[in-house]
Every structure is written in structure tokens, then in C-alpha cells.
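Note: the block below is final.cif and it holds mmCIF, C-alpha atoms.
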data_my_file
#
loop_
_atom_site.label_atom_id
_atom_site.label_comp_id
_atom_site.auth_asym_id
_atom_site.auth_seq_id
_atom_site.Cartn_x
_atom_site.Cartn_y
_atom_site.Cartn_z
CA MET A 1 36.19 20.68 22.03
CA THR A 2 34.90 21.85 25.41
CA PHE A 3 32.67 19.78 27.65
CA ALA A 4 29.87 22.31 27.11
CA SER A 5 30.14 21.85 23.33
CA VAL A 6 29.90 18.11 23.72
CA MET A 7 26.80 18.57 25.87
CA VAL A 8 25.17 20.81 23.27
CA LEU A 9 25.86 18.30 20.49
CA ALA A 10 24.58 15.45 22.65
CA LEU A 11 21.42 17.33 23.47
CA ALA A 12 20.87 18.06 19.78
CA GLY A 13 21.12 14.35 19.01
CA VAL A 14 18.90 12.82 21.66
CA LEU A 15 15.77 13.49 19.64
CA PRO A 16 16.70 12.52 16.07
CA GLY A 17 13.07 12.11 15.09
CA ARG A 18 12.01 15.58 16.21
CA ALA A 19 11.87 17.03 12.69
CA ALA A 20 9.86 14.06 11.45
CA VAL A 21 7.43 14.40 14.36
CA ALA A 22 7.03 18.10 13.60
CA ASP A 23 6.31 17.32 9.95
CA GLU A 24 3.64 14.81 10.97
CA ALA A 25 2.06 17.33 13.33
CA ALA A 26 1.83 19.74 10.42
CA GLY A 27 -0.07 17.17 8.37
CA ALA A 28 2.74 15.90 6.11
CA TYR A 29 2.71 12.30 4.93
CA ALA A 30 5.08 10.08 6.93
CA PHE A 31 7.04 7.96 4.47
CA ALA A 32 8.49 4.67 5.68
CA GLU A 33 11.75 5.32 7.47
CA ASP A 34 13.44 2.45 5.62
CA ALA A 35 12.08 3.42 2.19
CA ARG A 36 14.65 2.97 -0.59
CA SER A 37 14.84 5.69 -3.25
CA ILE A 38 14.21 4.60 -6.82
CA ASP A 39 13.68 6.50 -10.07
CA GLY A 40 10.88 5.59 -12.42
CA ALA A 41 11.81 5.09 -16.07
CA VAL A 42 10.12 6.85 -18.97
CA SER A 43 9.93 3.55 -20.88
CA THR A 44 9.96 -0.15 -20.04
CA ALA A 45 13.30 -0.51 -21.80
CA ASP A 46 14.88 1.88 -19.29
CA ALA A 47 13.39 0.19 -16.20
CA VAL A 48 16.43 -1.75 -15.02
CA GLU A 49 16.30 -2.00 -11.21
CA PRO A 50 13.52 -4.38 -10.13
CA LEU A 51 11.15 -3.73 -7.24
CA GLU A 52 11.76 -6.36 -4.56
CA PRO A 53 8.72 -7.82 -2.74
CA GLY A 54 8.55 -6.78 0.89
CA ARG A 55 10.48 -3.53 0.40
CA VAL A 56 9.09 0.00 0.49
CA TYR A 57 10.31 2.47 -2.12
CA ARG A 58 10.15 6.23 -2.43
CA SER A 59 9.92 7.78 -5.86
CA THR A 60 8.59 10.75 -7.82
CA LEU A 61 5.55 10.88 -10.08
CA PRO A 62 5.85 13.45 -12.90
CA ALA A 63 3.01 15.81 -13.74
CA SER A 64 2.36 14.04 -17.04
CA GLY A 65 3.28 10.73 -18.57
CA ALA A 66 3.75 7.31 -17.05
CA VAL A 67 6.79 6.01 -15.21
CA TYR A 68 7.75 2.33 -15.21
CA TYR A 69 9.27 -0.03 -12.66
CA ARG A 70 10.56 -3.53 -13.34
CA LEU A 71 9.11 -6.66 -11.70
CA GLU A 72 10.80 -10.07 -11.91
CA LEU A 73 8.07 -12.63 -11.17
CA ASP A 74 7.94 -16.41 -10.97
CA GLY A 75 5.09 -18.57 -12.25
CA VAL A 76 3.78 -19.61 -8.84
CA THR A 77 3.17 -16.66 -6.52
CA SER A 78 0.71 -13.80 -6.94
CA THR A 79 2.14 -10.28 -6.68
CA TYR A 80 0.39 -7.12 -5.56
CA ALA A 81 1.85 -3.68 -6.26
CA SER A 82 0.60 -0.44 -4.75
CA ALA A 83 1.44 3.21 -5.34
CA THR A 84 0.59 5.86 -2.76
CA ALA A 85 0.63 9.28 -4.41
CA VAL A 86 1.35 12.24 -2.13
CA PRO A 87 0.40 15.55 -3.79
CA PRO A 88 1.62 18.84 -2.34
CA ALA A 89 -0.71 20.52 0.12
CA GLY A 90 -3.24 22.87 -1.43
CA ARG A 91 -6.76 24.15 -1.18
CA THR A 92 -8.17 22.60 -4.34
CA ALA A 93 -7.56 19.78 -6.80
CA SER A 94 -9.28 18.31 -9.82
CA VAL A 95 -12.07 16.05 -8.60
CA ILE A 96 -11.01 13.20 -10.88
CA ASP A 97 -7.26 13.66 -10.51
CA GLY A 98 -5.33 11.00 -8.68
CA VAL A 99 -3.13 8.05 -9.58
CA ARG A 100 -3.50 5.15 -12.01
CA VAL A 101 -1.41 1.99 -11.70
CA ALA A 102 -1.15 -1.03 -13.98
CA VAL A 103 0.82 -4.26 -14.15
CA GLN A 104 1.68 -5.44 -17.65
CA ASP A 105 3.68 -8.32 -19.04
CA GLY A 106 6.83 -8.06 -21.14
CA GLU A 107 4.78 -7.71 -24.32
CA GLY A 108 2.77 -4.76 -23.01
CA ARG A 109 -0.44 -6.70 -22.29
CA SER A 110 -2.35 -5.54 -19.22
CA CYS A 111 -2.60 -7.90 -16.25
CA ASP A 112 -4.55 -5.48 -14.05
CA VAL A 113 -5.25 -1.76 -13.65
CA ASP A 114 -6.68 0.45 -10.90
CA THR A 115 -7.34 4.14 -10.36
CA ALA A 116 -7.69 6.23 -7.19
CA SER A 117 -8.91 9.84 -7.22
CA PHE A 118 -9.45 12.66 -4.73
CA GLY A 119 -13.22 12.39 -5.00
CA ALA A 120 -15.98 14.95 -4.67
CA ALA A 121 -14.13 17.05 -2.10
CA GLY A 122 -11.42 18.00 -4.58
CA SER A 123 -9.01 18.20 -1.66
CA PRO A 124 -5.48 16.92 -2.31
CA HIS A 125 -4.40 14.12 0.02
CA PRO A 126 -2.52 10.81 -0.14
CA VAL A 127 -4.35 8.25 -2.28
CA ALA A 128 -3.32 4.68 -3.10
CA ALA A 129 -4.11 2.43 -6.06
CA TRP A 130 -3.14 -1.21 -6.55
CA ALA A 131 -2.67 -3.67 -9.37
CA MET A 132 -1.86 -7.37 -9.36
CA ARG A 133 -0.35 -10.27 -11.25
CA GLU A 134 -2.59 -13.03 -9.94
CA ILE A 135 -1.94 -16.72 -10.52
CA SER A 136 -5.41 -18.11 -11.11
CA PRO A 137 -7.10 -20.81 -13.20
CA ARG A 138 -9.62 -18.16 -14.21
CA ARG A 139 -6.95 -16.12 -16.01
CA SER A 140 -5.13 -16.83 -19.25
CA LEU A 141 -2.73 -13.88 -19.40
CA CYS A 142 0.17 -13.08 -17.08
CA GLN A 143 0.62 -16.60 -15.72
CA GLU A 144 4.21 -17.26 -16.79
CA ALA A 145 7.45 -16.43 -15.04
CA GLY A 146 9.34 -13.51 -16.50
CA THR A 147 9.76 -9.75 -16.57
CA TYR A 148 6.72 -7.59 -15.85
CA TYR A 149 6.31 -3.85 -15.34
CA LEU A 150 4.44 -1.57 -12.98
CA SER A 151 3.32 1.67 -14.61
CA VAL A 152 2.17 4.70 -12.61
CA GLU A 153 0.69 7.96 -13.91
CA ARG A 154 -1.52 10.89 -12.99
CA VAL A 155 -5.19 10.67 -13.91
CA ASP A 156 -6.02 14.30 -14.72
CA PRO A 157 -2.93 16.52 -14.52
CA GLU A 158 -4.52 19.18 -16.74
CA GLY A 159 -7.75 19.39 -14.75
CA GLU A 160 -8.91 22.57 -13.06
CA GLY A 161 -7.08 23.07 -9.79
CA SER A 162 -4.57 20.27 -10.38
CA SER A 163 -1.05 20.87 -9.13
CA PRO A 164 1.35 21.35 -12.07
CA GLY A 165 4.47 19.92 -10.40
CA PRO A 166 5.60 16.38 -9.61
CA TRP A 167 4.24 14.38 -6.67
CA GLU A 168 6.09 12.26 -4.19
CA MET A 169 5.18 8.59 -4.12
CA GLU A 170 5.54 5.47 -1.97
CA LEU A 171 5.65 2.06 -3.68
CA THR A 172 5.19 -1.41 -2.20
CA THR A 173 5.06 -4.93 -3.60
CA VAL A 174 3.82 -8.03 -1.77
CA SER A 175 3.98 -11.65 -2.88
CA GLU A 176 1.40 -14.29 -1.93
CA PRO A 177 2.15 -18.02 -2.22
CA PRO A 178 -0.48 -20.43 -3.54
CA PRO A 179 -2.60 -22.52 -1.17
CA GLU A 180 -1.43 -26.01 -0.32
CA LYS A 181 -4.70 -27.51 -1.52
CA ALA A 182 -6.98 -26.40 -4.33
CA GLY A 183 -10.28 -25.13 -3.00
CA ALA A 184 -13.50 -23.56 -4.23
CA THR A 185 -13.27 -21.45 -7.36
CA SER A 186 -16.32 -19.26 -6.72
CA ALA A 187 -17.02 -16.56 -4.18
CA PRO A 188 -19.65 -17.06 -1.46
CA LYS A 189 -23.07 -16.24 -2.87
CA GLU A 190 -24.64 -15.32 0.45
CA TRP A 191 -23.30 -13.42 3.44
CA ASP A 192 -24.76 -11.15 6.09
CA SER A 193 -25.06 -7.79 4.32
CA ALA A 194 -27.29 -6.14 6.91
CA PRO A 195 -25.51 -3.12 8.43
CA PRO A 196 -25.27 -3.49 12.23
CA GLN A 197 -25.88 -0.69 14.67
CA PRO A 198 -22.68 1.29 15.27
CA LEU A 199 -20.99 0.63 18.57
CA THR A 200 -21.84 2.90 21.47
CA GLY A 201 -19.92 3.72 24.59
CA LYS A 202 -17.35 6.19 25.80
CA PRO A 203 -14.71 6.90 23.14
CA GLU A 204 -11.08 6.12 23.88
CA ARG A 205 -8.41 8.54 22.70
CA ARG A 206 -6.25 7.13 19.90
CA SER A 207 -4.15 9.48 17.75
CA GLY A 208 -4.03 8.58 14.08
CA GLY A 209 -0.76 8.14 12.23
CA ALA A 210 0.49 10.15 9.27
CA GLY A 211 1.12 7.30 6.84
CA PHE A 212 0.56 3.60 6.15
CA THR A 213 3.69 2.51 8.00
CA ARG A 214 2.78 4.76 10.94
CA ALA A 215 -0.91 3.86 11.12
CA ALA A 216 -2.29 3.73 14.66
CA PRO A 217 -3.52 0.22 15.62
CA VAL A 218 -7.17 -0.01 16.66
CA GLY A 219 -9.54 -2.91 17.21
CA GLN A 220 -13.22 -3.19 17.95
CA GLY A 221 -14.24 -0.13 19.92
CA VAL A 222 -14.98 3.59 19.78
CA TRP A 223 -11.94 5.72 19.04
CA ARG A 224 -11.62 9.50 19.34
CA ASP A 225 -9.19 11.93 17.72
CA ASP A 226 -9.07 15.47 16.33
CA ILE A 227 -8.53 16.20 12.65
CA ARG A 228 -7.73 19.51 10.98
CA PRO A 229 -8.78 20.68 7.51
CA GLY A 230 -6.43 19.19 4.93
CA GLN A 231 -5.14 16.53 7.34
CA THR A 232 -5.14 12.76 6.71
CA LEU A 233 -5.06 10.23 9.55
CA PHE A 234 -4.20 6.52 9.25
CA TYR A 235 -5.43 3.66 11.43
CA LYS A 236 -4.98 -0.10 11.03
CA VAL A 237 -7.39 -2.81 12.14
CA PRO A 238 -6.29 -6.46 12.44
CA VAL A 239 -8.97 -8.53 10.67
CA ASP A 240 -8.65 -12.30 10.83
CA TRP A 241 -10.00 -14.89 8.41
CA GLY A 242 -13.78 -15.12 8.81
CA ARG A 243 -14.16 -11.73 10.53
CA GLN A 244 -16.42 -9.03 9.11
CA LEU A 245 -15.33 -5.39 9.41
CA HIS A 246 -17.79 -2.55 9.97
CA ALA A 247 -16.75 1.07 10.47
CA THR A 248 -18.53 4.39 11.04
CA ALA A 249 -16.95 7.85 10.87
CA GLU A 250 -18.46 10.68 12.89
CA LEU A 251 -17.65 14.40 12.93
CA GLY A 252 -18.43 16.23 16.15
CA GLY A 253 -20.21 19.55 16.53
CA SER A 254 -18.56 22.93 15.95
CA SER A 255 -19.35 26.29 17.51
CA THR A 256 -18.45 28.14 14.30
CA GLY A 257 -19.88 28.32 10.81
CA GLY A 258 -23.57 28.36 11.67
CA GLY A 259 -25.76 27.96 8.58
CA ARG A 260 -22.88 26.74 6.39
CA TYR A 261 -22.40 23.33 4.83
CA THR A 262 -19.47 21.42 3.31
CA ALA A 263 -20.91 18.69 1.11
CA ALA A 264 -17.86 16.39 1.10
CA ALA A 265 -16.15 17.30 4.35
CA LEU A 266 -14.74 13.95 5.44
CA ASP A 267 -13.64 11.02 3.31
CA LEU A 268 -13.07 7.65 4.99
CA ASP A 269 -11.27 5.09 2.81
CA LEU A 270 -10.68 1.41 3.58
CA TYR A 271 -7.58 -0.32 2.19
CA ASN A 272 -6.66 -3.99 2.49
CA PRO A 273 -3.32 -5.37 3.77
CA VAL A 274 -1.55 -4.71 0.43
CA ARG A 275 -2.88 -1.12 0.34
CA GLY A 276 -5.56 -2.08 -2.13
CA TYR A 277 -8.62 0.18 -2.15
CA VAL A 278 -11.80 -1.51 -0.90
CA VAL A 279 -14.53 1.08 -0.30
CA ASP A 280 -15.05 4.62 0.98
CA VAL A 281 -17.75 6.85 2.44
CA GLY A 282 -18.18 10.62 2.51
CA VAL A 283 -19.58 12.71 5.36
CA GLY A 284 -21.17 16.12 4.79
CA TYR A 285 -20.81 18.69 7.57
CA ASP A 286 -22.85 21.68 8.75
CA GLY A 287 -21.28 22.15 12.16
CA ALA A 288 -23.56 19.61 13.85
CA ARG A 289 -22.71 15.99 14.58
CA LYS A 290 -22.74 13.92 11.37
CA ALA A 291 -21.99 10.22 10.88
CA GLU A 292 -21.82 7.78 7.96
CA SER A 293 -20.88 4.10 7.73
CA LEU A 294 -18.94 2.11 5.18
CA ALA A 295 -21.05 -0.14 2.98
CA PRO A 296 -21.37 -3.67 4.40
CA LEU A 297 -18.47 -5.93 3.43
CA PRO A 298 -18.25 -9.73 3.34
CA PRO A 299 -16.24 -11.67 5.90
CA VAL A 300 -12.58 -12.01 4.98
CA ALA A 301 -12.17 -15.18 2.90
CA TYR A 302 -9.64 -16.50 0.39
CA VAL A 303 -12.41 -17.29 -2.10
CA ASN A 304 -13.58 -13.66 -2.20
CA ARG A 305 -10.99 -13.20 -4.97
CA HIS A 306 -13.29 -15.11 -7.29
CA ALA A 307 -16.04 -12.48 -6.99
CA ALA A 308 -16.95 -10.45 -10.06
CA GLY A 309 -16.82 -7.15 -8.16
CA ARG A 310 -13.50 -5.66 -7.12
CA GLN A 311 -14.89 -4.49 -3.76
CA VAL A 312 -15.65 -8.04 -2.59
CA GLY A 313 -12.49 -9.32 -4.26
CA ALA A 314 -10.40 -6.93 -2.18
CA MET A 315 -11.47 -8.76 1.01
CA ARG A 316 -9.37 -11.74 -0.01
CA PHE A 317 -6.91 -12.05 2.83
CA ALA A 318 -6.48 -11.51 6.55
CA GLY A 319 -4.11 -8.96 8.01
CA SER A 320 -4.09 -5.25 8.80
CA TYR A 321 -6.82 -3.28 7.06
CA TYR A 322 -6.34 0.48 6.94
CA LEU A 323 -8.92 3.16 7.72
CA VAL A 324 -7.75 6.46 6.22
CA ALA A 325 -9.65 9.62 7.18
CA HIS A 326 -9.19 12.89 5.30
CA LEU A 327 -10.84 16.18 6.26
CA SER A 328 -11.26 18.42 3.24
CA ALA A 329 -9.27 21.63 3.16
CA ALA A 330 -12.54 23.36 2.21
CA VAL A 331 -13.82 22.84 5.75
CA ALA A 332 -11.54 25.70 6.84
CA ASP A 333 -13.48 28.13 4.64
CA ASP A 334 -16.70 27.51 6.57
CA PHE A 335 -15.56 26.43 10.01
CA GLY A 336 -12.03 27.76 10.45
CA ASP A 337 -8.65 26.04 10.63
CA GLY A 338 -9.23 24.52 14.06
CA PRO A 339 -9.53 20.79 14.67
CA VAL A 340 -12.82 18.96 14.31
CA PRO A 341 -13.67 16.05 16.65
CA LEU A 342 -13.42 12.72 14.82
CA THR A 343 -14.88 9.48 16.16
CA LEU A 344 -14.39 6.05 14.57
CA ARG A 345 -16.71 3.23 15.59
CA VAL A 346 -15.20 -0.12 14.61
CA ARG A 347 -17.02 -3.42 14.90
CA LEU A 348 -15.73 -6.91 14.03
CA GLY A 349 -18.41 -9.50 13.39
CA GLY A 350 -18.14 -13.22 12.86
CA ALA A 351 -15.68 -15.70 14.32
CA ALA A 352 -12.03 -16.16 13.43
CA GLN A 353 -11.34 -19.12 11.14
CA ASP A 354 -8.34 -20.95 9.78
CA GLY A 355 -6.72 -19.52 6.70
CA PRO A 356 -6.25 -21.32 3.37
CA GLY A 357 -2.98 -22.97 4.37
CA TYR A 358 -0.33 -21.42 2.15
CA ALA A 359 2.32 -23.54 0.42
CA GLY A 360 5.09 -21.17 1.43
CA GLU A 361 5.53 -17.83 3.11
CA SER A 362 4.41 -14.42 1.98
CA VAL A 363 6.87 -11.58 1.44
CA PRO A 364 6.95 -9.72 3.75
CA PRO A 365 6.27 -12.48 6.31
CA ASP A 366 2.96 -12.60 8.21
CA VAL A 367 1.36 -9.87 6.09
CA PHE A 368 -1.70 -12.13 5.64
CA THR A 369 -2.01 -13.20 9.26
CA VAL A 370 -3.14 -11.63 12.52
CA THR A 371 -0.73 -12.26 15.37
CA GLU A 372 -1.27 -11.99 19.09
CA GLU A 373 1.00 -8.95 19.04
CA ASP A 374 -1.34 -7.34 16.49
CA ARG A 375 -4.31 -7.89 18.78
CA GLU A 376 -2.46 -6.52 21.80
CA ALA A 377 -1.35 -3.44 19.87
CA ALA A 378 -4.91 -2.79 18.70
CA ALA A 379 -6.22 -3.09 22.25
CA GLU A 380 -3.48 -1.13 23.98
CA GLY A 381 -2.65 1.39 21.27
CA GLU A 382 1.02 0.47 21.01
CA ASP A 383 3.00 -0.55 17.96
CA ALA A 384 6.57 -1.66 18.44
CA GLY A 385 7.52 -0.55 14.97
CA GLY A 386 5.73 2.78 14.86
CA ASP A 387 4.54 5.57 17.08
CA ALA A 388 5.25 3.72 20.33
CA ALA A 389 8.91 3.52 19.39
CA LEU A 390 8.91 7.25 18.75
CA ARG A 391 7.25 7.90 22.08
CA ALA A 392 9.86 5.73 23.81
CA LEU A 393 12.58 7.58 21.96
CA ALA A 394 11.12 10.91 22.99
CA VAL A 395 10.83 9.85 26.64
CA GLY A 396 14.31 8.41 26.56
CA GLY A 397 15.57 11.55 24.88
CA ILE A 398 13.99 13.74 27.52
CA GLY A 399 15.50 11.57 30.25
CA THR A 400 18.89 11.63 28.58
CA GLY A 401 18.63 15.36 28.05
CA THR A 402 17.77 15.87 31.71
CA ALA A 403 20.77 13.81 32.77
CA LEU A 404 23.04 15.70 30.41
CA LEU A 405 21.76 19.04 31.68
CA ALA A 406 22.36 17.89 35.25
CA GLY A 407 25.88 16.84 34.31
CA LEU A 408 26.47 20.16 32.58
CA GLY A 409 25.31 22.01 35.68
CA ALA A 410 27.57 19.99 37.95
CA TRP A 411 30.54 20.53 35.63
CA THR A 412 29.90 24.28 35.52
CA LEU A 413 29.68 24.47 39.33
CA ALA A 414 32.93 22.55 39.72
CA ALA A 415 34.70 24.80 37.23
CA ARG A 416 33.58 27.90 39.10
CA ARG A 417 34.84 26.49 42.39
CA ARG A 418 38.25 25.79 40.87
CA THR A 419 38.58 29.48 39.91
CA VAL A 420 37.90 30.77 43.43
CA PRO A 421 41.24 31.90 45.08
#
For the structure just supplied, provide its representation as C-alpha cells.
Amino acid sequence: MTFASVMVLALAGVLPGRAAVADEAAGAYAFAEDARSIDGAVSTADAVEPLEPGRVYRSTLPASGAVYYRLELDGVTSTYASATAVPPAGRTASVIDGVRVAVQDGEGRSCDVDTASFGAAGSPHPVAAWAMREISPRRSLCQEAGTYYLSVERVDPEGEGSSPGPWEMELTTVSEPPPEKAGATSAPKEWDSAPPQPLTGKPERRSGGAGFTRAAPVGQGVWRDDIRPGQTLFYKVPVDWGRQLHATAELGGSSTGGGRYTAAALDLDLYNPVRGYVVDVGVGYDGARKAESLAPLPPVAYVNRHAAGRQVGAMRFAGSYYLVAHLSAAVADDFGDGPVPLTLRVRLGGAAQDGPGYAGESVPPDVFTVTEEDREAAAEGEDAGGDAALRALAVGGIGTGTALLAGLGAWTLAARRRTVP
């Protein structure tokens, strides 16, 4: 092999993530790089390989019928399972279509069930639903150690506009140890539910990620990005015990589409650290600046899990909460395919408090804590495990490529000199 051939191969390899970056730029969902492939079974009897807590899996969701995954659980820790369904890109979808997940015991009894749909926009985009096996004195079922199953299925595969083919899917499971000491068994009855004024100030540029594992870290502040019709952007906010999260989504003005209106242009969803849905808000758009805020949420507290409503119950642990913004594909019909300015105003109220004091460690570790590194990443916009690593790789690749090109040039010049009589 010639030196030039080696240089070409080396140059081709200095940016191994280039295809992935291109896919993200085109609006594709960024699956976890370390996701393990697993096939769902058509029955519980065929679900042999168990999902391991702390791992991320990649699977396929058929157009109809449920698929099952095995869970081997003890009688002490609570387990949370989430499925992120990734439908193919398209202009329309059934409004109620989406994904339904359930955890059931070995006898087929339901421990928990949840559904996530595309909503009023009818625009296909990644949606996540979660279900749990919770160890709790308030529950009688699903408290024993043994074999359990996670079932996942489409909600409305026959609905008008629904895609007929299979969807890709990302699965996660997280285990939570019990607290060291028994505490209150009821949720707080009173908390500050008055919506605060959204933060003001000059927005700071922060590009959203293309998936949960690539979510851009943000903290309290005003954050600016651009979003295209059909695109979904992911951000993560470290929220400590005792802190209260408020968020407002704002679409900037457009010079096109005067007199037109998209009723459900932007959807902003909030997910908790185990990718459990909390709340969402929709923003209509007529080309002028429009803003809407998430409904007020209680401060993060362990005892929120005892609330009757699932929305409050979802604010049960500290960690990274995810803001997921999707701009409906229908916006392109009225305002073109160009990007629309997106501003997120994030406010964190209250004071950080001590957690419940777990009798063990969660899997994965630190998922229910906020570290100093999390705070620094939110403030500086860097994430050692995500986009910052890609940027470093790209810079390093460019530097390596430049050095290789320089070496190739020097080698070529030397070769020419050797041929001169």
C-alpha cells in the first residue's frame, strides 16, 4: 500500500462520527451509542433475555401487537422502565397514535401502565412512556421478587395518517433502592403553585441534542436555538431535591406566512430522570412571537410519589429532567421549511435540600443526584459524555487531518525531488 493510500484511509477515519452528526443535523433521533440490540418477543413465554437496569437497548416496535421483554426483579428496589418510540419521518400521523407500555407480573397482572401520543399536532416525533414496579406500602400487587415483563405496543396503528411499518425504539430500565429510614406516606398538601414571571435577559445560544443521551445541558437562564419543521430537540436540566422547575417555550417571529396559523405548532414535553412523562404545553403560531409556559409543578420531593395524580408523582426524584421541543411538520405548509427561532426560559425556584438517604445505590449510579459536574455542564454548555466529546473529536479530527495533509504534501514534494535528474 502506498503512503498516499495510507493517508487517504487515515483521513477517512479521523471523523468516525461524521455520519452520525449528519443524521442529527437532518433531524434523525440519536440513539445511545452504547445501546445493545434486543428483539421483543411476541409472548411472555418467548421473552428470554432480561433487560438489565442501567443499560440502554435498541429494539423494533411492530405496527400491531405487543412485544414483551423480561425483567428479573428483587423484592426491595423499585424499577422504572421507559420506551422511546421513534416513528419514521412524515407529514402526518394519527393524533392519538403513540406508544403504550406496561409492567406486569408473572401471572399477567398489571403493575403499572402509561401511554404517550403525538398530540393535537399529529406530527410524528419521538415520544416516551414509562411504567414502574414500585415497592410501596400503599400497593398490594407486584411486591415480590421474581420474573416480570415489560410490554410495549402502538396505540392507534390503524388511525388515519398512521405509518404502517415498524418503528425503532430505545428502552431503558432504572432501579431505585429504598430509603434508609421510613418517612411520610403522603404527598405535600400545599406548595407554591403560582406561576412566576418568565426570566428575561439576553438569550445565550445553546444547540439542542437529537436524543435523550445527547440532550444539551442547560440550567436557569434564557437559551436560544433554531428548530425546523419536523425536528425534535432535547435539553436536560439538573434539578436538585427541593428545587422547583419552571419553563417557558417561545417561538420567534417569521417574515413568511402572513395571515396563516398553525394551531399546534410547537410541543414542549417535560420528562423526569427515568424518561417518565411529566407535563407538556403546546404553542400555536401565526408568524408572530408566541410563548407558553408549562403548568406549575411542585418542588422535587421523595414523598411526591404518594400523590394521587401522576403529574405530581412524576416529580419524585432529583436528577436530570428533560425538556423536549418538537416543531410540527405542518409548520412548513404555512411558513416554509426554514428554521424558526426557539427560546427556552428556565427558572429554578426553591433551595436545594438533602435527599431521602437511600439504603444502597441506584442503577445506573447517581441518576437521582445532581453533581457539581452536572451544574458546571448546565452553566457552560459542555457534557463530557455527549456533544462536547463530539466537538472535541471533530476538532481533533480536523487537526489530525491537517497534519496528515501536511505530511502528504511533504512526502509528495520529496518524491518529486528524488525523480529530478
7 Å contact set for Gly319 of chain A, all atoms listed in the file, chain neighbours under 6 positions out, as a PDB file with C-alpha atoms, in the coordinates of the input:
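Final output, saved to selection-v9.pdb:
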ATOM      1  CA  PRO A 238      -6.290  -6.460  12.440  1.00  0.00           C
ATOM      2  CA  VAL A 239      -8.970  -8.530  10.670  1.00  0.00           C
ATOM      3  CA  ASP A 240      -8.650 -12.300  10.830  1.00  0.00           C
ATOM      4  CA  PRO A 273      -3.320  -5.370   3.770  1.00  0.00           C
ATOM      5  CA  VAL A 367       1.360  -9.870   6.090  1.00  0.00           C
ATOM      6  CA  PHE A 368      -1.700 -12.130   5.640  1.00  0.00           C
ATOM      7  CA  THR A 369      -2.010 -13.200   9.260  1.00  0.00           C
ATOM      8  CA  VAL A 370      -3.140 -11.630  12.520  1.00  0.00           C
TER       9      VAL A 370
END
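Picked by the PyMOL selection byres ((chain A and resi 251-256) around 9) from the coordinates shown: Ala249, Glu250, Gly257, Gly258, Leu266, Val283, Tyr285, Asp286, Gly287, Ala288, Arg289, Lys290, Ala291, Asp334, Phe335, Gly336, Val340, Pro341, Leu342 and Thr343 of chain A.
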Would you kindly return, as a PDB file with C-alpha atoms, keeping the file's coordinate frame, each protein, DNA or RNA residue with an atom no farther than 8 Å from any atom of Asp97 of chain A, considering all atoms listed in the file and excluding same-chain residues fewer than 4 positions away?
ATOM      1  CA  ALA A  93      -7.560  19.780  -6.800  1.00  0.00           C
ATOM      2  CA  SER A 117      -8.910   9.840  -7.220  1.00  0.00           C
ATOM      3  CA  PHE A 118      -9.450  12.660  -4.730  1.00  0.00           C
ATOM      4  CA  ARG A 154      -1.520  10.890 -12.990  1.00  0.00           C
ATOM      5  CA  VAL A 155      -5.190  10.670 -13.910  1.00  0.00           C
ATOM      6  CA  ASP A 156      -6.020  14.300 -14.720  1.00  0.00           C
ATOM      7  CA  PRO A 157      -2.930  16.520 -14.520  1.00  0.00           C
ATOM      8  CA  GLY A 159      -7.750  19.390 -14.750  1.00  0.00           C
ATOM      9  CA  SER A 162      -4.570  20.270 -10.380  1.00  0.00           C
TER      10      SER A 162
END
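Atom CA of Asp105 of chain A is positioned 17.5 Å from atom CA of Pro137 of chain A.
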Starting from the PyMOL selection byres ((chain A and resi 218-229) around 9), expand the selection into actual residues of this file and give them as number ranges by chain. A: 27, 199-208, 216-217, 230-233, 235-239, 265, 325-332, 336-348, 375, 377-381
For the structure provided, state which residues fall under the PyMOL selection byres ((chain A and resi 144-153) around 9), and present them as a PyMOL selection string. chain A and resi 40+44+47+50+61-76+81+83+98-108+131+133+135+141-143+154-155
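Counting only C-alpha atoms and comparing A:Thr84, A:Ser320, A:Thr60, A:Ser163, the residue that lies closest to Trp241 of chain A is A:Ser320.
Between Phe234 of chain A and the residues A:Ala264, A:Ala182, A:Val324, A:Ala352, the shortest atom-to-atom distance, using only C-alpha atoms, involves A:Val324.
Minimum atom-to-atom distances from A:Arg260, A:Arg310, A:Arg139, A:His246 to Val278 of chain A were compared using only C-alpha atoms, and the lowest value belongs to A:Arg310.
Take atom CA of Leu270 of chain A and atom CA of Pro299 of chain A: the distance between them is 14.4 Å.
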